[in-house]
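Right, one structure below, let's go through it.
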2 protein chains.
Amino acid sequence: MGRLGSIFRELQTISGKPYVTKEKEELLCYSYDATGISHLPDMVVFPGSEIEISKILQMASKEKLIVVPRGTGSGMTGGSVPVKGGLIMVLTRMNKIIDIDEENFTVRVQPGVIVSDIHKAVEEKGLFYPPDPSSSSICTIGGNVGECAGGPRAVKYGVTRDYVLGLRAVLPSGKVIQTGVSTAKGVAGYDLTRLIVGSEGTLAVVTEITLKLLPKPEAVKTMAVLFDSMAKAARTVSGIMKNTVVPRCVEYLDEACLHLIRDHLKFDPAKNIKALLIIELDGAIDTVEKDAERIKAFCFASDALDVMTAKTPAEAQSLWEARKALSPVLYKLAPHKINEDIVVPINKIPDMVEATQRIQRTSGLKVVSFGHAGDGNIHCNIMYDKSNGDERYRAEKALKELFRETLRLGGTITGEHGVGITKKRFLPDEIGETQIELMRGIKTVFDPLNILNPYKIFE
Amino acid sequence: MGRLGSIFRELQTISGKPYVTKEKEELLCYSYDATGISHLPDMVVFPGSEIEISKILQMASKEKLIVVPRGTGSGMTGGSVPVKGGLIMVLTRMNKIIDIDEENFTVRVQPGVIVSDIHKAVEEKGLFYPPDPSSSSICTIGGNVGECAGGPRAVKYGVTRDYVLGLRAVLPSGKVIQTGVSTAKGVAGYDLTRLIVGSEGTLAVVTEITLKLLPKPEAVKTMAVLFDSMAKAARTVSGIMKNTVVPRCVEYLDEACLHLIRDHLKFDPAKNIKALLIIELDGAIDTVEKDAERIKAFCFASDALDVMTAKTPAEAQSLWEARKALSPVLYKLAPHKINEDIVVPINKIPDMVEATQRIQRTSGLKVVSFGHAGDGNIHCNIMYDKSNGDERYRAEKALKELFRETLRLGGTITGEHGVGITKKRFLPDEIGETQIELMRGIKTVFDPLNILNPYKIFE
C-alpha cells in the first residue's frame with residue numbers, strides 16, 4: 001500500500017469512512033471554483049469537528065501532504081483550487097450557528113454556515129449582519145472570512161473584516177489558537193484575527209468565527225435611477241455620497257448589462273437608457289423617507305431620466321434579482337469571461353468608466369461592467385472565447401490595460417475576490433516586492449512546511 | 001570617539017544638528033510615558049521626513065542600535081519607554097495634515113498630528129473622524145495607530161483599526177512600504193495594515209496614515225443619568241443597547257469618581273448617588289430627539305433617579321470635562337495607581353462591578369472604576385502607595401485577581417491601551433503560548449535584528 005493509500009486509511013480513521021473519498025467522480029466535484037479553473041485533488045475529506053481538523057493537519061505535517069480548505073467553492077480567483085493536488089478539506093459539514101448573543105450583539109458560527117442562513121437567523125432576533133456578497137445564498141462564512149468578502153452594503157457598513165471579532169483556527173501543525181475577543185474592543189498583541197481574515201486559507205483552517213452584529217435597521221428603501229449616459233451616472237454616485245447621505249448600497253449597471261437582463265426590468269433599456277443605479281437606504285423610518293427625497297432630488301438635479309422607488313419589499317426584491325441575475329447571463333455575450341473586481345476612489349469612477357469603454361474599443365471584445373459603485377468597487381468583465389487564440393491574446397492585453405488604469409487612478413486590483421491564483425502575477429505591481437517578502441515570511445511563520453493551500457496569492 | 005559618538009554624528013548629518021540630542025535634561029523628557037515608568041535613552045532624534053527615518057533605520061540596522069519611536073508619550077502601558085536605552089525617535093515634527101479628500105471621505109496625515117487637530121480640520125469640512133480617546137488633545141495619531149486607540153465613541157463607531165485604510169511605513173531595514181488602499185475595499189494579499197495597527201511600534205515606523213472619514217452627524221445629544229446603585233447602572237447599560245438604540249457613547253462613573261469630581265458636577269453625589277452614566281447620541285436631528293426620549297424612558301424604567309439632558313453644547317462640554325478631569329484627580333486617593341483598561345461582554349458589566357467591589361474589600365485598597373461601559377471597556381484603577389511594601393504587595397495581588405475575573409467573564413486584559421511592558425507578563429494567560437510564538441515569528445520577519453522597540457508586548 002503506497003503513501004497515499006496509508007494516508008487515505010488514516011483519514012478514514014480520523015473522520016470516518018463516509019467522509020473521505022478518492023473516487024474520480026467526486027474528486028472532479030471538488031477540483032474547481034467559480035473561475036472554472038480545475039485541478040484534481042488526490043483525496044477529499046469532510047471533517048466534522050475541530051479535533052478532526054487538528055488530527056488531519058498533524059498527519060499532513062508528518063506526511064508533507066498539501067491540504068486545501070474550502071467551503072462551497074464559489075470563489076472568484078481560484079483560491080480553493082488544488083493546483084498541485086493534495087487533500088481537499090471541505091468544511092460544509094461544520095455548519096452550526098453555535099450561539100446568537102442578543103445582549104452582546106455577537107454570533108458564533110462554524111465556517112460551513114451559508115451566509116444567508118446567518119442573515120435569516122439573526123434578523124429573526126432583530127439583529128443584523130451587514131456583509132452580503134451576491135453569492136450569499138450559496139457561499140459559506142468561512143469562505144467570506146478567507147477572502148474578506150464585501151458586497152453591496154459595504155458602502156455604509158464595511159466588509160467581513162469589520163465584523164470578525166475573534167476566531168478559533170487550527171494551524172498547519174495541528175495546534176489550535178483562539179484569536180481576538182468576543183468584545184467590541186481588544187488589543188492584546190498583534191492582530192492575528194485580521195491577519196487570518198483575507199489570508200485565503202493559507203495561514204490556518206478557521207473552525208469558529210465570532211461576528212459582531214448590529215441592531216436590525218427599522219426601515220429599508222430601494223430605488224432605481226436611470227441615466228442616458230454612464231458618465232452622468234458615475235458623476236452622480238460620487239455626488240450622492242458627498243451631498244446627501246451614505247446609502248447602504250449604490251450599485252450600477254452599464255448599458256450592456258441592462259440589455260442582458262431586460263426581461264427582469266420594469267423599463268425598456270432600448271429607450272436610450274445607458275446606465276442604472278440601484279440605491280438602497282436604511283435607518284429609522286422617517287429618516288429614511290427624508291433621505292430618499294434628498295437623494296431623489298439630487299439625482300434629478302444631476303440629469304437622471306427617472307427615479308423609481310420600490311413601493312413594496314417584493315418590488316425591491318425583484319430589482320435585486322435582476323442585479324444578481326447578471327453574472328450568469330453574461331455568457332450570452334461570449335463563452336468565457338475574465339471577471340475582475342477592481343476598486344478606484346469614488347470620484348475616479350467616471351475615469352474608470354471611460355477607460356473600460358476605451359479598452360472595449362481597442363480590444364474589440366465586449367467589456368461589461370457593473371458593481372458596487374458606492375465604494376468604487378467595479379466588477380469588470382472581459383468577454384471572450386478561450387478557444388480563439390487571437391481573442392485570448394486580446395483579452396490578456398485588455399486585462400493588463402485594465403489593471404494599469406486601476407493602479408494609475410489610485411485603486412486596487414481586488415476589492416473582495418482576493419488574489420488566489422488568477423491575480424498572483426499582478427500583485428507585485430500593486431504592493432511591491434518588499435511587502436510580498438513580508439507576506440512570504442508570515443506564511444512561513446504559520447506554515448513552515450508550506451502544506452496549507454500553497455501556491456496562492458504569491459509564489 | 002566611541003560608537004555612540006559616531007552614531008550621534010551620523011544622526012546630526014541625517015536630521016540636522018538642532019534635531020539630535022544627548023543632553024541629560026532632554027533625555028529625561030523622553031524617558032517615560034503616562035505610566036511614570038522611566039528609562040533613560042542614549043539619544044533622541046526628531047526626524048522631519050520619511051527619508052530621514054529610512055536613513056536612521058538603515059544606520060541603526062548597521063549599528064544594531066535600538067530605536068524606540070514615539071509621539072507625545074501619553075501611552076498607558078510603557079510602550080514608548082526605552083527599557084534598554086538606545087535611540088528615541090520622536091515623530092512630533094511630522095505633524096502635517098497632508099490632504100483631506102472630501103469626495104472620497106479620506107484624510108492623509110503624518111504620524112505626529114495631534115488627534116484633536118484632525119477632528120477640527122475634518123469637521124470644518126463637514127466630515128467626521130470618530131475615534132476620540134480621552135487624551136485626544138495631547139496624543140498623536142501615530143500613537144493611536146500604534147496602540148489601536150479607542151475612546152468613548154467606539155460603542156457606535158469602532159476603534160482606530162476600523163478607520164485606517166492604508167499606511168506608509170519604514171521597516172527596521174530602512175525599506176519603505178505602502179500598505180492597504182485609499183479605497184473602501186481592498187484585499188490584495190495579507191492585511192499588513194491592520195497587522196501594523198496595534199503593533200505598538202515594534203514592526204515598522206509609520207510615516208503616513210490614510211484614514212476613512214464619515215459625514216459629520218447632523219445632531220448630538222448628551223445626557224447624564226443618575227443611579228443609587230452601581231449594579232442598576234450596569235444593568236441599564238446592557239439594556240439600552242438591546243432595547244433602544246446604539247448611542248455613540250455610554251460612559252459610567254462609580255461613586256468614588258463622583259466624589260472626586262463633585263466640584264465639576266451639577267448635582268451632589270452625597271445625595272445617595274452611587275453611579276452616573278453619560279450617554280451621548282448622534283444622527284439626524286429628529287431621530288436623535290426620538291432616540292433620546294426612548295432612552296430616557298428606558299432609564300427611568302430601570303430605576304434611574306434622574307435623567308438630565310444637556311440643553312446647550314456648553315453644558316454637554318462641561319459634563320465631558322468632568323469625565324476627563326478624572327484620571328488626574330485620582331491621585332487625591334493615593335500617590336500611585338495601577339490603571340487597567342479591561343473589557344468584558346456588556347452583559348457581564350454587573351459581574352465585573354461586583355468583582356471590583358470585592359477586590360476593594362479584600363485588598364483594603366481604593367479601587368476606582370469608570371469608563372466606556374457601552375463597549376464593556378472599564379478603566380479600573382487600583383490606588384496605592386509604592387513606597388509602602390505591604391500596599392505594593394496587595395496592589396499586585398488585586399491586579400492579578402482583576403485580570404483573572406476579566407478572563408473568567410470572557411473579556412480581555414486590554415481594550416485600547418495595549419500591552420507595552422506593564423501587561424507583558426499577563427499576555428500568555430489571555431492568548432496562550434502558541435499565539436505568542438506566532439507573534440515572535442512575525443516580529444522576526446519584520447525586524448530580524450530586533451532593533452525596533454524591543455522587549456515590548458512579549459519577550
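Labels used: A, B, ... for chains in the order of the C-alpha cells, numbers from 1 for residues in each chain, and numbers from 1 for ligands as shown.
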
From the DSSP assignment of the backbone, select every residue of region 34-161 of chain A that is helix (DSSP H, G or I), and format the answer as an MDAnalysis selection string. chainID A and resid 50:63 115:123 141:147 154:157 160:161

List as a tab-separated table every residue of chain A that is in contact with chain B, defined as an atom at most 6 Å from one of its atoms (using only C-alpha atoms), together with the nearest atom pair and the distance in Å rounded to one decimal, sorted by chain and then rising number.
residue	atom	partner	partner_atom	distance
A:Asn104	CA	B:Ile346	CA	5.8
A:Thr183	CA	B:Pro345	CA	5.4
A:Ala184	CA	B:Asp375	CA	5.7
A:Lys185	CA	B:Gly415	CA	4.8
A:Gly186	CA	B:Gly415	CA	4.1
A:Val187	CA	B:Gly418	CA	5.5
A:Ala188	CA	B:Thr414	CA	5.9
A:Tyr190	CA	B:Ser199	CA	5.5
A:Asp191	CA	B:Leu195	CA	5.4
A:Leu195	CA	B:Asp191	CA	5.4
A:Ser199	CA	B:Tyr190	CA	5.5
A:Lys242	CA	B:Glu103	CA	6.0
A:Pro345	CA	B:Thr183	CA	5.4
A:Ile346	CA	B:Asn104	CA	5.8
A:Asp375	CA	B:Ala184	CA	5.6
A:Thr414	CA	B:Gly186	CA	5.8
A:Gly415	CA	B:Gly186	CA	4.2
A:Glu416	CA	B:Val187	CA	5.9
A:Gly418	CA	B:Val187	CA	5.5
A:Gly441	CA	B:Val445	CA	5.6
A:Ile442	CA	B:Ile442	CA	6.0
A:Val445	CA	B:Gly441	CA	5.6

So which residues touch Ile97 (chain B) within 9 Å, counting only C-alpha atoms, skipping near sequence neighbours fewer than 5 positions away, as a list of chain:residue names?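 Once the adjacent positions are removed, what remains is B:Val107, B:Arg108, B:Val109, B:Gln110, B:Val113, B:Asp117, B:Ile118, B:Ala121.
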
Which residue of B:Ala316, B:Gly389, B:Leu452, B:Ala334 approaches Leu365 (chain B) most closely, using only C-alpha atoms: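 For Leu365 (chain B), the nearest of the candidates is B:Ala334.
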
Contacts of region 217-224 of chain B within 8 Å, only C-alpha atoms, excl. fewer than 6 positions in-chain, as an mmCIF file with N, CA and C atoms, in the first residue's frame:
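Here's the written file result.cif:
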data_model
loop_
_atom_site.group_PDB
_atom_site.id
_atom_site.type_symbol
_atom_site.label_atom_id
_atom_site.label_comp_id
_atom_site.auth_asym_id
_atom_site.auth_seq_id
_atom_site.Cartn_x
_atom_site.Cartn_y
_atom_site.Cartn_z
ATOM 1 N N PHE B 128 -16.096 63.728 9.563
ATOM 2 C CA PHE B 128 -16.085 63.241 10.934
ATOM 3 C C PHE B 128 -15.086 62.094 11.063
ATOM 4 N N LEU B 276 -23.089 57.276 37.830
ATOM 5 C CA LEU B 276 -23.512 58.206 36.776
ATOM 6 C C LEU B 276 -23.243 57.553 35.417
ATOM 7 N N LEU B 277 -24.228 57.636 34.543
ATOM 8 C CA LEU B 277 -23.995 57.273 33.150
ATOM 9 C C LEU B 277 -24.008 58.547 32.311
ATOM 10 N N ILE B 278 -23.015 58.693 31.449
ATOM 11 C CA ILE B 278 -23.047 59.775 30.464
ATOM 12 C C ILE B 278 -23.388 59.115 29.130
ATOM 13 N N ILE B 279 -24.534 59.475 28.586
ATOM 14 C CA ILE B 279 -24.981 58.866 27.335
ATOM 15 C C ILE B 279 -25.023 59.938 26.256
ATOM 16 N N GLU B 280 -24.418 59.645 25.108
ATOM 17 C CA GLU B 280 -24.410 60.612 24.013
ATOM 18 C C GLU B 280 -24.890 59.943 22.732
ATOM 19 N N LEU B 281 -25.816 60.617 22.055
ATOM 20 C CA LEU B 281 -26.379 60.117 20.801
ATOM 21 C C LEU B 281 -25.995 61.045 19.674
ATOM 22 N N ASP B 282 -25.940 60.527 18.465
ATOM 23 C CA ASP B 282 -25.826 61.425 17.316
ATOM 24 C C ASP B 282 -26.597 60.861 16.133
ATOM 25 N N GLY B 283 -26.804 61.701 15.126
ATOM 26 C CA GLY B 283 -27.551 61.288 13.935
ATOM 27 C C GLY B 283 -28.357 62.446 13.381
ATOM 28 N N ALA B 284 -29.379 62.123 12.606
ATOM 29 C CA ALA B 284 -30.261 63.156 12.041
ATOM 30 C C ALA B 284 -31.067 63.791 13.179
ATOM 31 N N ILE B 285 -31.358 65.091 13.054
ATOM 32 C CA ILE B 285 -31.953 65.847 14.167
ATOM 33 C C ILE B 285 -33.152 65.140 14.815
ATOM 34 N N VAL B 288 -32.502 61.759 16.540
ATOM 35 C CA VAL B 288 -31.815 61.906 17.823
ATOM 36 C C VAL B 288 -32.812 62.297 18.912
ATOM 37 N N GLU B 289 -33.701 63.239 18.583
ATOM 38 C CA GLU B 289 -34.722 63.643 19.561
ATOM 39 C C GLU B 289 -35.505 62.416 20.032
ATOM 40 N N ALA B 292 -33.501 59.938 22.051
ATOM 41 C CA ALA B 292 -33.236 60.453 23.409
ATOM 42 C C ALA B 292 -34.437 60.167 24.314
ATOM 43 N N VAL B 307 -32.655 61.864 34.945
ATOM 44 C CA VAL B 307 -32.021 61.933 33.634
ATOM 45 C C VAL B 307 -31.946 63.407 33.245
ATOM 46 N N MET B 308 -30.726 63.935 33.142
ATOM 47 C CA MET B 308 -30.548 65.359 32.821
ATOM 48 C C MET B 308 -29.967 65.486 31.416
ATOM 49 N N THR B 309 -30.727 66.110 30.520
ATOM 50 C CA THR B 309 -30.248 66.263 29.150
ATOM 51 C C THR B 309 -29.593 67.625 28.982
ATOM 52 N N ALA B 310 -28.395 67.656 28.426
ATOM 53 C CA ALA B 310 -27.680 68.920 28.224
ATOM 54 C C ALA B 310 -28.467 69.788 27.238
ATOM 55 N N ALA B 316 -23.056 70.141 27.643
ATOM 56 C CA ALA B 316 -22.508 68.823 27.296
ATOM 57 C C ALA B 316 -20.997 68.826 27.528
ATOM 58 N N LEU B 319 -19.877 68.453 31.039
ATOM 59 C CA LEU B 319 -20.039 67.080 31.504
ATOM 60 C C LEU B 319 -18.826 66.251 31.088
#

Set the distance at 9 Å and use only C-alpha atoms: which residues neighbour region 61-78 of chain A once local chain neighbours fewer than 5 positions away are removed? I'd like the list as an NGL selection string. :A and (3 or 7 or 30 or 32-38 or 41 or 56 or 83-92 or 111-114 or 135 or 138-143 or 147 or 172-174 or 201-202 or 205 or 339-340 or 417-423 or 449-454 or 456)

Quick one: everything within 12 Å of Asp390 (chain A), counting only C-alpha atoms, minus sequence neighbours fewer than 5 positions away in the same chain. Send it as a compact mmCIF listing (two decimals) with C-alpha atoms, in the first residue's frame.
# COMPACT_ATOMS: atom_id res chain seq x y z
CA SER A 363 -9.58 45.15 -27.72
CA GLY A 364 -12.61 44.62 -29.94
CA LEU A 365 -14.00 42.47 -27.11
CA TYR A 384 -14.00 36.28 -24.93
CA ASP A 385 -13.63 32.82 -26.41
CA ALA A 395 -8.30 39.56 -23.58
CA GLU A 396 -4.95 39.24 -21.82
CA LYS A 397 -3.87 42.58 -23.25

Please extract the residues of region 358-410 of chain B with a backbone DSSP assignment of strand (DSSP E or B) and present them as a PyMOL selection string. chain B and resi 366-372+377-384

Residues within 9 Å of Leu399 (chain B), only C-alpha atoms, excluding chain neighbours under 6 positions, as a PyMOL selection string: chain B and resi 338+340+359+382

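Candidate residues B:Lys366, B:Lys212, B:Arg394, B:Lys125 were compared for distance to Tyr331 (chain B), and the nearest is B:Lys366, using only C-alpha atoms.
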
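With CA of Asn95 (chain B) on one side and CA of Ser327 (chain B) on the other, the separation reads 26.5 Å.
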
Could you jot down the CA of Leu57 (chain A) to CA of Leu167 (chain A) separation for me, Å, one decimal place?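 Between these atoms lies a distance of 17.7 Å.
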